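Single-structure report; data block below.
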Amino acid sequence: MIPAAEPIGPAHALMPTPIYFARRGATMAGGAPELHRNNLARKLLQI
Amino acid sequence: MNLDAMDLTTDEIAFRDKVRRFYEDNLTPEMRRAAYVTCWAFSEFEYARQWQKILHAHGWGAPNWPVEHGGAGFTARERIIWEIETARAHPPGINRMGQNFAAPCIMRFGDDAQKKQFLPPILSGDHWWAQGFSEPGAGSDLSAIKLSARADGDDYIVNGSKTWTTSAHFATHIFLLARTAIEEDKRKGLTVLLVDMDSPGILVRPIINIAGEHDFNEVFFTDVRVPRARRLGDENDGWRIAMHLLTFEHGAGTARIGFELRRRAASIRAIAHAESDGHGARLIDDPDFSRKLGLLEISVEAANAVAEALVLGAAAGAAPGPEHTLLNIRNREIDQALTELAVEAIGYYARPISARRAK
């Protein structure tokens, strides 16, 4: 399984990918930013 | 944001130095590592709990709370200094779901017994809370919640499920938004319940991402009995409580988040100085990469400028408004773009390996 593989490369290369996958989900809390933009736009435009 | 924008007084400089010394004296190498490998909530939960206990012992368990509930009594400007210095020190995460979200609602809508029962253990780190809002089909449209709570004698009987529940596998309690009535206006008929996670009938199923990290969960409720005494506020008044909570969620950590975005942009710049563009030159000298990084750095600085205005305005007494929500959305977009560019920067090392393998 890939997550069990030994890390390769320099130390600075270890964190970006797990952070990318974790934060991609976390920053969509309550819906993607695009949805929130649309919700706000509907509210402001009263439509 | 950074402290340069604040024009600190002599007393505030002394306070800043005191906070810095506290972090230098109390953050162990193990705790720093735990924070380093944390991708979202708590990669190393035990260190987060230890850290909360240290904060509590120092009287800084929940600096933003009112003093009567155990807050640190910081001024509004000291709270900003605290946030920024905390971001700089980068300790393990605290239980934000309990401290910043559940607790303010319990303070505002809870009865005396609930305040006495729930607030001290959040402060001490003995209770950890999860937020039970999102469901399959009810995320951006929170009013679509289906999880039901049916009154039965002195209890509610809860059935349904929640998803994307951060830290439910560590949590002792969950702040649950449940449907207690079917109304034409879906925002009516919702009720908040304060639920023990070890109640019979609760099943937590992990959502593990491709890198092997476990931050989120599905939580299933099957005939879970919750005493009526655990209802927060009035029955069918949950929407108002949820909106109160979300105001905190979207406004919380404005100063800290700006600082963290800036640090992550700086980290990508450092990587780009160390990595090759694949043709023998430094990645930072690649015009395309450099342009993308530069645009993101400008976005980070613009968001920080807005954050400064909001945070300093709030410290001067301005009421929170929709600007916090707008900034929250923008920060998320920048966050996603930064994480994507960081992966691009490390090129073929970008394998989905668990962060906990970091030495």
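Identifiers for the structure tokens are assigned positionally: chains receive A, B, ... in sequence, residues are indexed from 1 per chain, and ligands are indexed from 1 in the order shown.
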
Should the cut-off be 6 Å, what would the residue list for chain A against chain B look like, counting only C-alpha atoms, as number ranges by chain? A: 3, 13, 15-20, 22, 27, 30-31, 33

Among the residues B:Val219, B:Ile174, B:Ile145, B:Ala266, the one that comes closest to B:Arg187 [using only C-alpha atoms]: B:Ile145

State, in Å with one decimal place, the distance from atom CA of B:Ala48 to atom CA of B:Met31.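 So the answer is 7.7 Å.
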
12 Å contact set for B:Ala72, only C-alpha atoms, chain neighbours under 5 positions out, as number ranges by chain: B: 55-67, 78-79, 82, 123

From a DSSP calculation on the backbone, collect every residue of stretch 94-305 of chain B in alpha helix (DSSP H) and output the set as a PyMOL selection string. chain B and resi 96+103-109+112-124+238-251+254-274+287-305
